[in-house]
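A.B. asks: Got a file for you: model.cif, mmCIF, N, CA and C atoms.
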```cif
data_start
loop_
_atom_site.label_atom_id
_atom_site.label_comp_id
_atom_site.auth_asym_id
_atom_site.auth_seq_id
_atom_site.Cartn_x
_atom_site.Cartn_y
_atom_site.Cartn_z
N MET B 1 -46.47 13.17 31.66
CA MET B 1 -46.36 11.79 31.26
C MET B 1 -46.49 11.64 29.74
N LYS B 2 -47.44 12.38 29.13
CA LYS B 2 -47.63 12.30 27.69
C LYS B 2 -46.39 12.83 26.95
N LYS B 3 -45.78 13.90 27.50
CA LYS B 3 -44.58 14.44 26.87
C LYS B 3 -43.45 13.41 26.91
N TYR B 4 -43.31 12.74 28.03
CA TYR B 4 -42.28 11.73 28.20
C TYR B 4 -42.50 10.57 27.22
N LEU B 5 -43.73 10.11 27.11
CA LEU B 5 -44.07 9.02 26.20
C LEU B 5 -43.81 9.44 24.74
N GLY B 6 -44.19 10.65 24.40
CA GLY B 6 -43.94 11.16 23.05
C GLY B 6 -42.46 11.23 22.73
N LEU B 7 -41.68 11.68 23.69
CA LEU B 7 -40.23 11.76 23.51
C LEU B 7 -39.63 10.37 23.31
N MET B 8 -40.08 9.41 24.09
CA MET B 8 -39.58 8.04 23.96
C MET B 8 -39.90 7.47 22.58
N ILE B 9 -41.11 7.67 22.10
CA ILE B 9 -41.49 7.16 20.78
C ILE B 9 -40.64 7.82 19.69
N THR B 10 -40.43 9.12 19.81
CA THR B 10 -39.62 9.84 18.83
C THR B 10 -38.20 9.31 18.81
N LEU B 11 -37.62 9.11 19.98
CA LEU B 11 -36.24 8.61 20.06
C LEU B 11 -36.12 7.20 19.51
N LEU B 12 -37.07 6.34 19.82
CA LEU B 12 -37.03 4.98 19.32
C LEU B 12 -37.19 4.95 17.80
N THR B 13 -38.05 5.78 17.27
CA THR B 13 -38.24 5.85 15.82
C THR B 13 -36.97 6.35 15.15
N PHE B 14 -36.36 7.39 15.69
CA PHE B 14 -35.13 7.95 15.13
C PHE B 14 -34.02 6.90 15.15
N ASN B 15 -33.92 6.18 16.26
CA ASN B 15 -32.87 5.18 16.40
C ASN B 15 -33.02 4.08 15.36
N SER B 16 -34.23 3.64 15.08
CA SER B 16 -34.42 2.59 14.10
C SER B 16 -34.06 3.07 12.71
N PHE B 17 -34.35 4.33 12.37
CA PHE B 17 -33.96 4.87 11.07
C PHE B 17 -32.46 5.06 10.96
N ALA B 18 -31.80 5.35 12.07
CA ALA B 18 -30.36 5.56 12.04
C ALA B 18 -29.62 4.30 11.66
N HIS B 19 -30.16 3.12 11.99
CA HIS B 19 -29.49 1.86 11.68
C HIS B 19 -29.87 1.32 10.31
N GLN B 20 -30.84 1.93 9.69
CA GLN B 20 -31.14 1.56 8.31
C GLN B 20 -30.23 2.39 7.44
N GLY B 21 -29.89 1.89 6.32
CA GLY B 21 -29.05 2.69 5.45
C GLY B 21 -28.52 1.88 4.30
N HIS B 22 -27.83 2.56 3.46
CA HIS B 22 -27.27 1.94 2.28
C HIS B 22 -26.04 1.14 2.66
N ILE B 23 -25.97 -0.08 2.18
CA ILE B 23 -24.78 -0.89 2.40
C ILE B 23 -23.81 -0.57 1.27
N ASP B 24 -22.61 -0.23 1.63
CA ASP B 24 -21.58 0.08 0.64
C ASP B 24 -21.29 -1.18 -0.17
N ASP B 25 -21.40 -1.09 -1.49
CA ASP B 25 -21.13 -2.23 -2.36
C ASP B 25 -19.73 -2.79 -2.13
N THR B 26 -18.82 -1.93 -1.72
CA THR B 26 -17.44 -2.36 -1.48
C THR B 26 -17.39 -3.36 -0.33
N ALA B 27 -18.27 -3.21 0.64
CA ALA B 27 -18.33 -4.16 1.76
C ALA B 27 -18.75 -5.54 1.28
N LEU B 28 -19.60 -5.58 0.28
CA LEU B 28 -20.01 -6.86 -0.32
C LEU B 28 -18.87 -7.46 -1.15
N LEU B 29 -18.23 -6.61 -1.94
CA LEU B 29 -17.14 -7.07 -2.80
C LEU B 29 -15.96 -7.59 -1.99
N ALA B 30 -15.76 -7.04 -0.80
CA ALA B 30 -14.63 -7.44 0.04
C ALA B 30 -14.73 -8.89 0.50
N CYS B 31 -15.92 -9.47 0.41
CA CYS B 31 -16.10 -10.86 0.84
C CYS B 31 -16.34 -11.81 -0.32
N THR B 32 -16.13 -11.33 -1.54
CA THR B 32 -16.23 -12.20 -2.70
C THR B 32 -15.17 -13.29 -2.59
N GLU B 33 -15.56 -14.50 -2.83
CA GLU B 33 -14.66 -15.66 -2.76
C GLU B 33 -14.09 -15.88 -1.37
N LYS B 34 -14.82 -15.48 -0.34
CA LYS B 34 -14.40 -15.73 1.03
C LYS B 34 -15.50 -16.50 1.76
N GLN B 35 -15.15 -17.01 2.91
CA GLN B 35 -16.09 -17.75 3.75
C GLN B 35 -16.49 -16.90 4.94
N LYS B 36 -17.59 -17.27 5.57
CA LYS B 36 -18.03 -16.58 6.77
C LYS B 36 -16.91 -16.61 7.81
N SER B 37 -16.69 -15.47 8.46
CA SER B 37 -15.68 -15.25 9.50
C SER B 37 -14.27 -15.02 8.96
N ASP B 38 -14.06 -15.12 7.64
CA ASP B 38 -12.75 -14.78 7.09
C ASP B 38 -12.46 -13.30 7.31
N PRO B 39 -11.20 -12.94 7.54
CA PRO B 39 -10.87 -11.51 7.66
C PRO B 39 -11.08 -10.80 6.32
N CYS B 40 -11.46 -9.54 6.40
CA CYS B 40 -11.70 -8.75 5.19
C CYS B 40 -11.37 -7.29 5.48
N GLY B 41 -11.30 -6.53 4.43
CA GLY B 41 -11.07 -5.10 4.58
C GLY B 41 -11.40 -4.38 3.29
N TYR B 42 -11.77 -3.14 3.43
CA TYR B 42 -12.05 -2.32 2.25
C TYR B 42 -11.85 -0.86 2.58
N VAL B 43 -11.54 -0.09 1.54
CA VAL B 43 -11.43 1.35 1.66
C VAL B 43 -12.63 1.95 0.95
N ALA B 44 -13.47 2.64 1.72
CA ALA B 44 -14.67 3.27 1.17
C ALA B 44 -14.31 4.59 0.49
N SER B 45 -15.28 5.14 -0.21
CA SER B 45 -15.04 6.38 -0.95
C SER B 45 -14.68 7.56 -0.05
N ASN B 46 -14.91 7.45 1.26
CA ASN B 46 -14.55 8.52 2.19
C ASN B 46 -13.11 8.39 2.69
N LEU B 47 -12.33 7.51 2.04
CA LEU B 47 -10.93 7.25 2.41
C LEU B 47 -10.79 6.73 3.84
N LYS B 48 -11.72 5.88 4.24
CA LYS B 48 -11.65 5.22 5.55
C LYS B 48 -11.45 3.72 5.32
N LEU B 49 -10.46 3.16 6.01
CA LEU B 49 -10.19 1.73 5.93
C LEU B 49 -11.07 1.02 6.95
N HIS B 50 -11.84 0.07 6.47
CA HIS B 50 -12.72 -0.75 7.31
C HIS B 50 -12.09 -2.14 7.38
N LYS B 51 -11.75 -2.60 8.58
CA LYS B 51 -11.21 -3.94 8.76
C LYS B 51 -12.19 -4.73 9.60
N GLY B 52 -12.43 -5.97 9.19
CA GLY B 52 -13.38 -6.78 9.94
C GLY B 52 -13.36 -8.22 9.49
N SER B 53 -14.54 -8.83 9.52
CA SER B 53 -14.69 -10.21 9.08
C SER B 53 -15.96 -10.34 8.26
N CYS B 54 -15.98 -11.33 7.41
CA CYS B 54 -17.15 -11.57 6.56
C CYS B 54 -18.26 -12.20 7.39
N GLN B 55 -19.43 -11.61 7.32
CA GLN B 55 -20.58 -12.10 8.07
C GLN B 55 -21.77 -12.26 7.14
N GLN B 56 -22.62 -13.22 7.47
CA GLN B 56 -23.81 -13.48 6.67
C GLN B 56 -24.85 -12.40 6.91
N PHE B 57 -25.35 -11.81 5.83
CA PHE B 57 -26.40 -10.80 5.90
C PHE B 57 -27.39 -11.14 4.81
N ASN B 58 -28.58 -11.59 5.20
CA ASN B 58 -29.55 -12.14 4.26
C ASN B 58 -28.86 -13.28 3.52
N GLN B 59 -28.73 -13.20 2.23
CA GLN B 59 -28.10 -14.29 1.47
C GLN B 59 -26.71 -13.91 0.96
N HIS B 60 -26.13 -12.87 1.53
CA HIS B 60 -24.82 -12.40 1.07
C HIS B 60 -23.84 -12.35 2.23
N LEU B 61 -22.58 -12.46 1.91
CA LEU B 61 -21.52 -12.18 2.88
C LEU B 61 -21.15 -10.72 2.73
N ILE B 62 -20.95 -10.07 3.86
CA ILE B 62 -20.59 -8.65 3.86
C ILE B 62 -19.47 -8.45 4.88
N CYS B 63 -18.57 -7.54 4.56
CA CYS B 63 -17.46 -7.24 5.47
C CYS B 63 -17.98 -6.34 6.59
N VAL B 64 -17.99 -6.87 7.79
CA VAL B 64 -18.47 -6.13 8.96
C VAL B 64 -17.27 -5.70 9.79
N ARG B 65 -17.18 -4.40 9.99
CA ARG B 65 -16.03 -3.82 10.70
C ARG B 65 -16.03 -4.25 12.16
N ASN B 66 -14.85 -4.67 12.63
CA ASN B 66 -14.68 -5.00 14.04
C ASN B 66 -13.44 -4.33 14.63
N GLU B 67 -12.88 -3.39 13.87
CA GLU B 67 -11.75 -2.59 14.32
C GLU B 67 -12.08 -1.12 14.07
N PRO B 68 -11.39 -0.21 14.76
CA PRO B 68 -11.65 1.22 14.53
C PRO B 68 -11.36 1.61 13.08
N LEU B 69 -12.12 2.58 12.58
CA LEU B 69 -11.87 3.12 11.24
C LEU B 69 -10.50 3.77 11.21
N GLU B 70 -9.85 3.66 10.07
CA GLU B 70 -8.53 4.26 9.89
C GLU B 70 -8.57 5.16 8.66
N THR B 71 -8.17 6.41 8.82
CA THR B 71 -8.11 7.32 7.68
C THR B 71 -6.93 6.95 6.80
N VAL B 72 -7.17 6.95 5.50
CA VAL B 72 -6.15 6.54 4.53
C VAL B 72 -5.73 7.74 3.70
N ASN B 73 -4.41 7.98 3.63
CA ASN B 73 -3.90 9.04 2.76
C ASN B 73 -3.50 8.41 1.42
N GLU B 74 -3.02 9.23 0.49
CA GLU B 74 -2.67 8.73 -0.85
C GLU B 74 -1.58 7.65 -0.79
N GLU B 75 -0.60 7.85 0.07
CA GLU B 75 0.50 6.89 0.18
C GLU B 75 -0.01 5.54 0.70
N LYS B 76 -0.82 5.58 1.74
CA LYS B 76 -1.38 4.35 2.31
C LYS B 76 -2.31 3.66 1.30
N LEU B 77 -3.09 4.46 0.56
CA LEU B 77 -3.98 3.90 -0.46
C LEU B 77 -3.18 3.15 -1.52
N ALA B 78 -2.07 3.75 -1.96
CA ALA B 78 -1.21 3.11 -2.96
C ALA B 78 -0.64 1.80 -2.43
N LYS B 79 -0.22 1.79 -1.16
CA LYS B 79 0.33 0.59 -0.54
C LYS B 79 -0.74 -0.50 -0.45
N LEU B 80 -1.92 -0.13 0.02
CA LEU B 80 -3.01 -1.11 0.13
C LEU B 80 -3.38 -1.67 -1.24
N ARG B 81 -3.39 -0.80 -2.22
CA ARG B 81 -3.72 -1.23 -3.59
C ARG B 81 -2.68 -2.24 -4.10
N SER B 82 -1.40 -1.96 -3.86
CA SER B 82 -0.34 -2.84 -4.36
C SER B 82 -0.33 -4.18 -3.62
N GLU B 83 -0.68 -4.18 -2.33
CA GLU B 83 -0.72 -5.42 -1.55
C GLU B 83 -1.89 -6.30 -1.96
N GLY B 84 -2.98 -5.67 -2.41
CA GLY B 84 -4.15 -6.43 -2.84
C GLY B 84 -4.90 -7.14 -1.74
N LYS B 85 -4.67 -6.76 -0.48
CA LYS B 85 -5.32 -7.43 0.65
C LYS B 85 -6.69 -6.86 0.99
N VAL B 86 -6.97 -5.66 0.52
CA VAL B 86 -8.27 -5.04 0.78
C VAL B 86 -8.91 -4.61 -0.53
N THR B 87 -10.20 -4.45 -0.50
CA THR B 87 -10.95 -4.01 -1.67
C THR B 87 -11.02 -2.49 -1.66
N ILE B 88 -10.79 -1.88 -2.80
CA ILE B 88 -10.85 -0.42 -2.93
C ILE B 88 -12.16 -0.07 -3.62
N SER B 89 -12.88 0.90 -3.10
CA SER B 89 -14.17 1.28 -3.69
C SER B 89 -13.99 1.66 -5.15
N SER B 90 -15.01 1.40 -5.95
CA SER B 90 -14.92 1.72 -7.38
C SER B 90 -14.78 3.23 -7.59
N TRP B 91 -15.39 4.03 -6.71
CA TRP B 91 -15.26 5.48 -6.82
C TRP B 91 -13.80 5.89 -6.63
N LEU B 92 -13.14 5.31 -5.63
CA LEU B 92 -11.73 5.64 -5.40
C LEU B 92 -10.86 5.16 -6.54
N SER B 93 -11.20 4.00 -7.08
CA SER B 93 -10.42 3.47 -8.19
C SER B 93 -10.46 4.41 -9.39
N LYS B 94 -11.59 5.06 -9.59
CA LYS B 94 -11.73 6.00 -10.71
C LYS B 94 -11.07 7.35 -10.41
N HIS B 95 -11.20 7.83 -9.17
CA HIS B 95 -10.75 9.18 -8.83
C HIS B 95 -9.37 9.25 -8.20
N HIS B 96 -8.86 8.11 -7.75
CA HIS B 96 -7.53 8.07 -7.12
C HIS B 96 -6.72 6.94 -7.76
N ALA B 97 -6.78 6.89 -9.08
CA ALA B 97 -6.04 5.85 -9.79
C ALA B 97 -4.55 6.06 -9.65
N PRO B 98 -3.79 4.97 -9.61
CA PRO B 98 -2.32 5.12 -9.51
C PRO B 98 -1.77 5.80 -10.75
N HIS B 99 -0.79 6.64 -10.54
CA HIS B 99 -0.16 7.37 -11.65
C HIS B 99 0.93 6.52 -12.26
N ALA B 100 1.19 6.74 -13.52
CA ALA B 100 2.20 5.96 -14.25
C ALA B 100 3.60 6.16 -13.69
N ASP B 101 3.85 7.32 -13.07
CA ASP B 101 5.19 7.61 -12.55
C ASP B 101 5.43 7.03 -11.17
N HIS B 102 4.47 6.32 -10.60
CA HIS B 102 4.67 5.71 -9.26
C HIS B 102 5.16 4.31 -9.39
#
```
For the structure just supplied, provide its representation as structure tokens.
C.D. replies:
Amino acid sequence: MKKYLGLMITLLTFNSFAHQGHIDDTALLACTEKQKSDPCGYVASNLKLHKGSCQQFNQHLICVRNEPLETVNEEKLAKLRSEGKVTISSWLSKHHAPHADH
């Protein structure tokens, strides 16, 4: 019984830490000048497209994903950048900047 109780406490503690974490600044930027429940999207530095809606988190709106993650290649990143419909992470903007010949 003590082993079972110890295991349960360990799992619950681990689970609570798993949901804590750093909020990607890009998720916050994706809801700049938007209202709660507006559609939003952003490409994080891991080249994953997050699509969702702006939701209230503390005193900020944040883009909360409600669709599956989508891997973005260079071509898709360029298209998303030109459309201007999603926010691109500042890291990607620095490291995957559009080339002059495109």
A.B. asks: I'd like the contact shell of B:Thr71 - 8 Å cut-off, only N, CA and C atoms, skipping same-chain residues fewer than 3 positions apart - returned as JSON, numbers by chain.
C.D. replies: {"B": [46, 47, 48, 49, 50, 68, 74, 76, 77]}
A.B. asks: Check what the PyMOL selection byres ((chain B and resi 42) around 7) selects in the file above and give those residues as a list in words.
C.D. replies: Thr26, Ala27, Ala30, Cys40, Gly41, Val43, Ala44, Lys48, Leu49, His50, Lys51, Gly52, Lys85, Val86, Thr87, Ile88 and Ser89 of chain B
A.B. asks: Using all atoms listed in the file, find the one residue out of B:Leu28, B:Leu92, B:Val72, B:Ser82 that sits nearest to B:His60.
C.D. replies: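 Ranking B:Leu28, B:Leu92, B:Val72, B:Ser82 by distance to B:His60, first place goes to B:Leu28.
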A.B. asks: Quick one: distance from atom N of B:Leu69 to atom CA of B:Glu83 in Å, one decimal?
C.D. replies: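 Computing it gives 19.8 Å between the two atoms.
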A.B. asks: Could you jot down the atom N of B:Gln59 to atom CA of B:Asp38 separation for me, Å, one decimal place?
C.D. replies: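 About the pair atom N of B:Gln59 and atom CA of B:Asp38: they are 16.8 Å apart.
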A.B. asks: Determine the nearest neighbour of B:Arg81 from the options B:Ile62, B:Asp25, B:Gln35, B:Ser93, counting only C-alpha atoms.
C.D. replies: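 Ranking B:Ile62, B:Asp25, B:Gln35, B:Ser93 by distance to B:Arg81, first place goes to B:Ser93.
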A.B. asks: For a test of reading the model, state the distance in Å between atom N of B:Lys79 and atom N of B:Val64, rounded to one decimal.
C.D. replies: 21.7 Å
A.B. asks: Out of stretch 9-98 of chain B, which residues get helix (DSSP H, G or I) from DSSP, as a ChimeraX atom specification?
C.D. replies: /B:9-18,25-29,74-83,90-95
A.B. asks: Please determine, counting only C-alpha atoms, which residue among B:Asn58, B:Ser90, B:Glu67, B:Leu80 has the shortest atom-to-atom distance to B:Leu29.
C.D. replies: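 With only C-alpha atoms as the atom set, the closest residue is B:Ser90.
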A.B. asks: Mind listing as a PyMOL selection string all residues within 6 Å of (-22.1, -13.7, 9.3), counting only N, CA and C atoms?
C.D. replies: chain B and resi 36-37+54-57
